[in-house]
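Data first, discussion second: the structure below is written as structure tokens.
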Amino acid sequence: MLDTLENLHRTCFPHKPWTASDFADLKKSGCDIMASQNGFVVWRVVADEAEIITIGVHPDARGTGIAPAMLTLVENDVKKRGGTKIFLEVAADNQPARALYEKNGYVNIGVRPKYYDGTDAILMEKTL
Ligand SMILES: CC(C)(COP(=O)(O)OP(=O)(O)OC[C@H]1O[C@@H](n2cnc3c(N)ncnc32)[C@H](O)[C@@H]1OP(=O)(O)O)[C@@H](O)C(=O)NCCC(=O)NCCS
């Protein structure tokens, strides 16, 4: 499973691929991972707050509803565990991701200037 995830992550993030061992470390550190052949999401719940660490959909499967479905899955898990807020960071120039998050109820709450190799990170939050 982690090898498939490594390949899918490389396809989604060719400039910053994570290895199977990176995913194993994330699991060991308490993150949850949901992955299928075409999509993955990694999140972490700490007390009543959660963070989406990463999400990706294979380019051939984008626009098919996988990404919003994964966000719903994460939200349901966070709610079940008593979480009330989900946070995430997204590169300011990542229009598809920002559109996805905005359509699914995330709002901008801050900016980390030049966080990603010179590009700002937008900090977003959703209250459940
Ligand atoms: C972000 C990602 C998971 C979204 O998956 P997806 O299947 O495209 O998601 P959706 O189709 O549900 O939503 C994306 C929205 O962005 C829009 N969009 C797509 N490409 C766009 C572009 N270049 N500019 C602006 N909007 C764009 C889509 O039209 C869609 O909006 P719509 O539902 O109103 O049509 C996917 O693009 C991906 O894996 N990207 C690479 C990894 C990544 O950047 N992850 C997020 C890191 S924070």
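Here, A, B, ... name the chains of the structure tokens in the order displayed, residue numbers run from 1 inside each chain, and ligands are numbered from 1 in the same displayed order.
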
9 Å from ligand 1 is the threshold here; counting only C-alpha atoms and all ligand atoms, which polymer residues fall inside it? Answer as an NGL selection string. :A and (9 or 11-13 or 39-41 or 52-69 or 88-91 or 94-101 or 103)

Need to verify the contact set: Val107 in chain A, 8 Å, only C-alpha atoms, exclusion of same-chain residues closer than 2 positions in sequence. Can you return it as a short mmCIF file (atom, residue, chain, number, x, y, z; two decimals) with all heavy atoms, in the first residue's frame?
data_model
loop_
_atom_site.label_atom_id
_atom_site.label_comp_id
_atom_site.auth_asym_id
_atom_site.auth_seq_id
_atom_site.Cartn_x
_atom_site.Cartn_y
_atom_site.Cartn_z
N TYR A 101 -10.88 23.77 -1.66
CA TYR A 101 -11.09 24.06 -0.24
C TYR A 101 -12.21 25.10 -0.05
O TYR A 101 -13.06 24.94 0.82
CB TYR A 101 -9.80 24.55 0.41
CG TYR A 101 -8.66 23.56 0.33
CD1 TYR A 101 -7.35 23.97 0.04
CD2 TYR A 101 -8.88 22.20 0.55
CE1 TYR A 101 -6.31 23.06 -0.02
CE2 TYR A 101 -7.83 21.29 0.48
CZ TYR A 101 -6.56 21.73 0.19
OH TYR A 101 -5.53 20.82 0.11
N GLU A 102 -12.20 26.14 -0.89
CA GLU A 102 -13.23 27.18 -0.73
C GLU A 102 -14.62 26.60 -0.97
O GLU A 102 -15.56 26.87 -0.23
CB GLU A 102 -12.95 28.35 -1.68
CG GLU A 102 -11.87 29.27 -1.11
CD GLU A 102 -11.26 30.20 -2.14
OE1 GLU A 102 -11.86 30.38 -3.23
OE2 GLU A 102 -10.16 30.73 -1.87
N GLY A 105 -16.00 24.82 2.08
CA GLY A 105 -16.25 25.51 3.35
C GLY A 105 -15.03 25.98 4.11
O GLY A 105 -15.16 26.43 5.26
N ILE A 109 -7.51 32.30 6.79
CA ILE A 109 -7.35 32.96 8.10
C ILE A 109 -5.96 33.57 8.27
O ILE A 109 -5.68 34.17 9.30
CB ILE A 109 -7.65 32.00 9.27
CG1 ILE A 109 -6.79 30.74 9.18
CG2 ILE A 109 -9.12 31.68 9.34
CD1 ILE A 109 -6.75 29.96 10.48
N MET A 124 -5.77 28.09 5.99
CA MET A 124 -7.24 28.01 5.90
C MET A 124 -7.80 27.19 7.05
O MET A 124 -7.11 26.33 7.60
CB MET A 124 -7.66 27.38 4.56
CG MET A 124 -7.14 28.12 3.36
SD MET A 124 -7.78 27.48 1.78
CE MET A 124 -9.37 28.27 1.68
N GLU A 125 -9.07 27.46 7.35
CA GLU A 125 -9.71 26.79 8.49
C GLU A 125 -11.16 26.48 8.14
O GLU A 125 -11.82 27.24 7.43
CB GLU A 125 -9.69 27.77 9.67
CG GLU A 125 -10.46 27.33 10.89
CD GLU A 125 -10.71 28.51 11.83
OE1 GLU A 125 -9.81 28.80 12.64
OE2 GLU A 125 -11.78 29.13 11.73
N LYS A 126 -11.63 25.36 8.66
CA LYS A 126 -13.07 25.06 8.58
C LYS A 126 -13.55 24.71 9.98
O LYS A 126 -12.96 23.85 10.65
CB LYS A 126 -13.33 23.89 7.62
CG LYS A 126 -14.82 23.56 7.54
CD LYS A 126 -15.13 22.58 6.43
CE LYS A 126 -16.63 22.33 6.36
NZ LYS A 126 -17.00 21.47 5.22
#

Members of chain A assigned alpha helix (DSSP H) by DSSP, as number ranges by chain: A: 2-12, 20-28, 66-80, 95-103

Same residues, N, CA and C atoms, saved as a short mmCIF file (atom, residue, chain, number, x, y, z; two decimals), in the first residue's frame:
data_model
loop_
_atom_site.label_atom_id
_atom_site.label_comp_id
_atom_site.auth_asym_id
_atom_site.auth_seq_id
_atom_site.Cartn_x
_atom_site.Cartn_y
_atom_site.Cartn_z
N LEU A 2 1.94 1.27 0.81
CA LEU A 2 2.77 2.47 0.89
C LEU A 2 3.55 2.72 -0.40
N ASP A 3 3.87 1.62 -1.14
CA ASP A 3 4.57 1.80 -2.43
C ASP A 3 3.64 2.45 -3.45
N THR A 4 2.37 2.01 -3.46
CA THR A 4 1.38 2.61 -4.37
C THR A 4 1.22 4.09 -4.03
N LEU A 5 1.19 4.37 -2.74
CA LEU A 5 1.03 5.75 -2.28
C LEU A 5 2.24 6.60 -2.71
N GLU A 6 3.43 6.02 -2.59
CA GLU A 6 4.65 6.74 -3.01
C GLU A 6 4.54 7.12 -4.50
N ASN A 7 4.09 6.17 -5.33
CA ASN A 7 3.98 6.45 -6.77
C ASN A 7 2.93 7.53 -7.05
N LEU A 8 1.79 7.41 -6.35
CA LEU A 8 0.72 8.38 -6.57
C LEU A 8 1.15 9.78 -6.09
N HIS A 9 1.86 9.82 -4.97
CA HIS A 9 2.33 11.12 -4.45
C HIS A 9 3.30 11.76 -5.44
N ARG A 10 4.19 10.93 -6.03
CA ARG A 10 5.15 11.47 -7.00
C ARG A 10 4.43 12.07 -8.20
N THR A 11 3.33 11.40 -8.61
CA THR A 11 2.55 11.90 -9.75
C THR A 11 1.89 13.24 -9.40
N CYS A 12 1.41 13.36 -8.16
CA CYS A 12 0.71 14.58 -7.76
C CYS A 12 1.66 15.71 -7.39
N ALA A 20 7.79 5.95 0.50
CA ALA A 20 7.00 5.05 1.35
C ALA A 20 7.43 5.20 2.80
N SER A 21 8.72 5.39 3.00
CA SER A 21 9.22 5.53 4.37
C SER A 21 8.74 6.83 5.02
N ASP A 22 8.60 7.91 4.24
CA ASP A 22 8.03 9.15 4.78
C ASP A 22 6.60 8.90 5.28
N PHE A 23 5.83 8.13 4.47
CA PHE A 23 4.44 7.85 4.88
C PHE A 23 4.41 6.96 6.13
N ALA A 24 5.34 6.00 6.19
CA ALA A 24 5.41 5.14 7.38
C ALA A 24 5.71 6.00 8.62
N ASP A 25 6.61 6.98 8.47
CA ASP A 25 6.93 7.86 9.60
C ASP A 25 5.72 8.69 10.01
N LEU A 26 4.96 9.16 9.02
CA LEU A 26 3.76 9.94 9.34
C LEU A 26 2.78 9.10 10.15
N LYS A 27 2.62 7.84 9.72
CA LYS A 27 1.71 6.95 10.46
C LYS A 27 2.19 6.76 11.89
N LYS A 28 3.50 6.51 12.02
CA LYS A 28 4.08 6.31 13.36
C LYS A 28 3.88 7.54 14.24
N ILE A 66 -13.59 12.85 -6.29
CA ILE A 66 -12.79 12.11 -5.29
C ILE A 66 -12.31 13.04 -4.18
N ALA A 67 -11.83 14.22 -4.57
CA ALA A 67 -11.25 15.12 -3.57
C ALA A 67 -12.29 15.58 -2.54
N PRO A 68 -13.48 16.09 -2.99
CA PRO A 68 -14.48 16.45 -1.97
C PRO A 68 -14.91 15.26 -1.13
N ALA A 69 -14.97 14.07 -1.74
CA ALA A 69 -15.37 12.88 -0.97
C ALA A 69 -14.33 12.60 0.12
N MET A 70 -13.06 12.78 -0.21
CA MET A 70 -12.02 12.53 0.81
C MET A 70 -12.09 13.59 1.91
N LEU A 71 -12.41 14.84 1.53
CA LEU A 71 -12.53 15.88 2.57
C LEU A 71 -13.69 15.55 3.51
N THR A 72 -14.79 15.03 2.95
CA THR A 72 -15.94 14.66 3.79
C THR A 72 -15.56 13.53 4.72
N LEU A 73 -14.82 12.57 4.20
CA LEU A 73 -14.38 11.45 5.03
C LEU A 73 -13.54 11.94 6.22
N VAL A 74 -12.62 12.87 5.92
CA VAL A 74 -11.78 13.42 7.00
C VAL A 74 -12.65 14.14 8.02
N GLU A 75 -13.57 14.99 7.51
CA GLU A 75 -14.43 15.74 8.43
C GLU A 75 -15.23 14.82 9.35
N ASN A 76 -15.78 13.75 8.76
CA ASN A 76 -16.58 12.82 9.57
C ASN A 76 -15.71 12.17 10.65
N ASP A 77 -14.49 11.83 10.30
CA ASP A 77 -13.59 11.22 11.28
C ASP A 77 -13.25 12.22 12.39
N VAL A 78 -12.95 13.46 11.99
CA VAL A 78 -12.57 14.48 12.98
C VAL A 78 -13.74 14.73 13.94
N LYS A 79 -14.96 14.84 13.37
CA LYS A 79 -16.15 15.08 14.21
C LYS A 79 -16.35 13.92 15.18
N LYS A 80 -16.22 12.70 14.65
CA LYS A 80 -16.42 11.50 15.48
C LYS A 80 -15.46 11.49 16.66
N GLN A 95 -4.29 27.14 -7.61
CA GLN A 95 -5.69 27.49 -7.82
C GLN A 95 -6.65 26.31 -7.67
N PRO A 96 -6.33 25.12 -8.25
CA PRO A 96 -7.28 24.00 -8.10
C PRO A 96 -7.51 23.64 -6.63
N ALA A 97 -6.42 23.63 -5.85
CA ALA A 97 -6.57 23.27 -4.43
C ALA A 97 -7.34 24.34 -3.68
N ARG A 98 -7.04 25.61 -3.94
CA ARG A 98 -7.76 26.68 -3.24
C ARG A 98 -9.24 26.65 -3.59
N ALA A 99 -9.54 26.37 -4.89
CA ALA A 99 -10.96 26.28 -5.31
C ALA A 99 -11.64 25.12 -4.59
N LEU A 100 -10.93 24.00 -4.51
CA LEU A 100 -11.49 22.83 -3.82
C LEU A 100 -11.84 23.17 -2.37
N TYR A 101 -10.88 23.77 -1.66
CA TYR A 101 -11.09 24.06 -0.24
C TYR A 101 -12.21 25.10 -0.05
N GLU A 102 -12.20 26.14 -0.89
CA GLU A 102 -13.23 27.18 -0.73
C GLU A 102 -14.62 26.60 -0.97
N LYS A 103 -14.74 25.76 -2.00
CA LYS A 103 -16.05 25.15 -2.29
C LYS A 103 -16.52 24.24 -1.17
#

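The interatomic distance for the pair CA of Asp120 in chain A and CA of Thr19 in chain A works out to 25.1 Å.
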
Please give the complete set of residues from chain A that DSSP, run on the backbone, assigns to strand (DSSP E), formatted as a ChimeraX atom specification. /A:32-35,39-46,49-57,85-91,107-116,119-127

Go through A:Ala92, A:Leu128, A:Val111, A:Met1 and flag the residue nearest Ala50 in chain A, using only C-alpha atoms for the distances. A:Leu128

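With only C-alpha atoms as the atoms that count, the residue of A:Asn38, A:Val45, A:Asp32, A:His15 with the shortest distance to Asp117 in chain A is A:His15.
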
If we count only C-alpha atoms, what is near Asp48 in chain A at a cut-off of 8 Å, once residues fewer than 3 positions away on the same chain are taken out, given as a list in words? Val45, Arg81, Gly82, Gly83, Thr84 and Lys85 of chain A
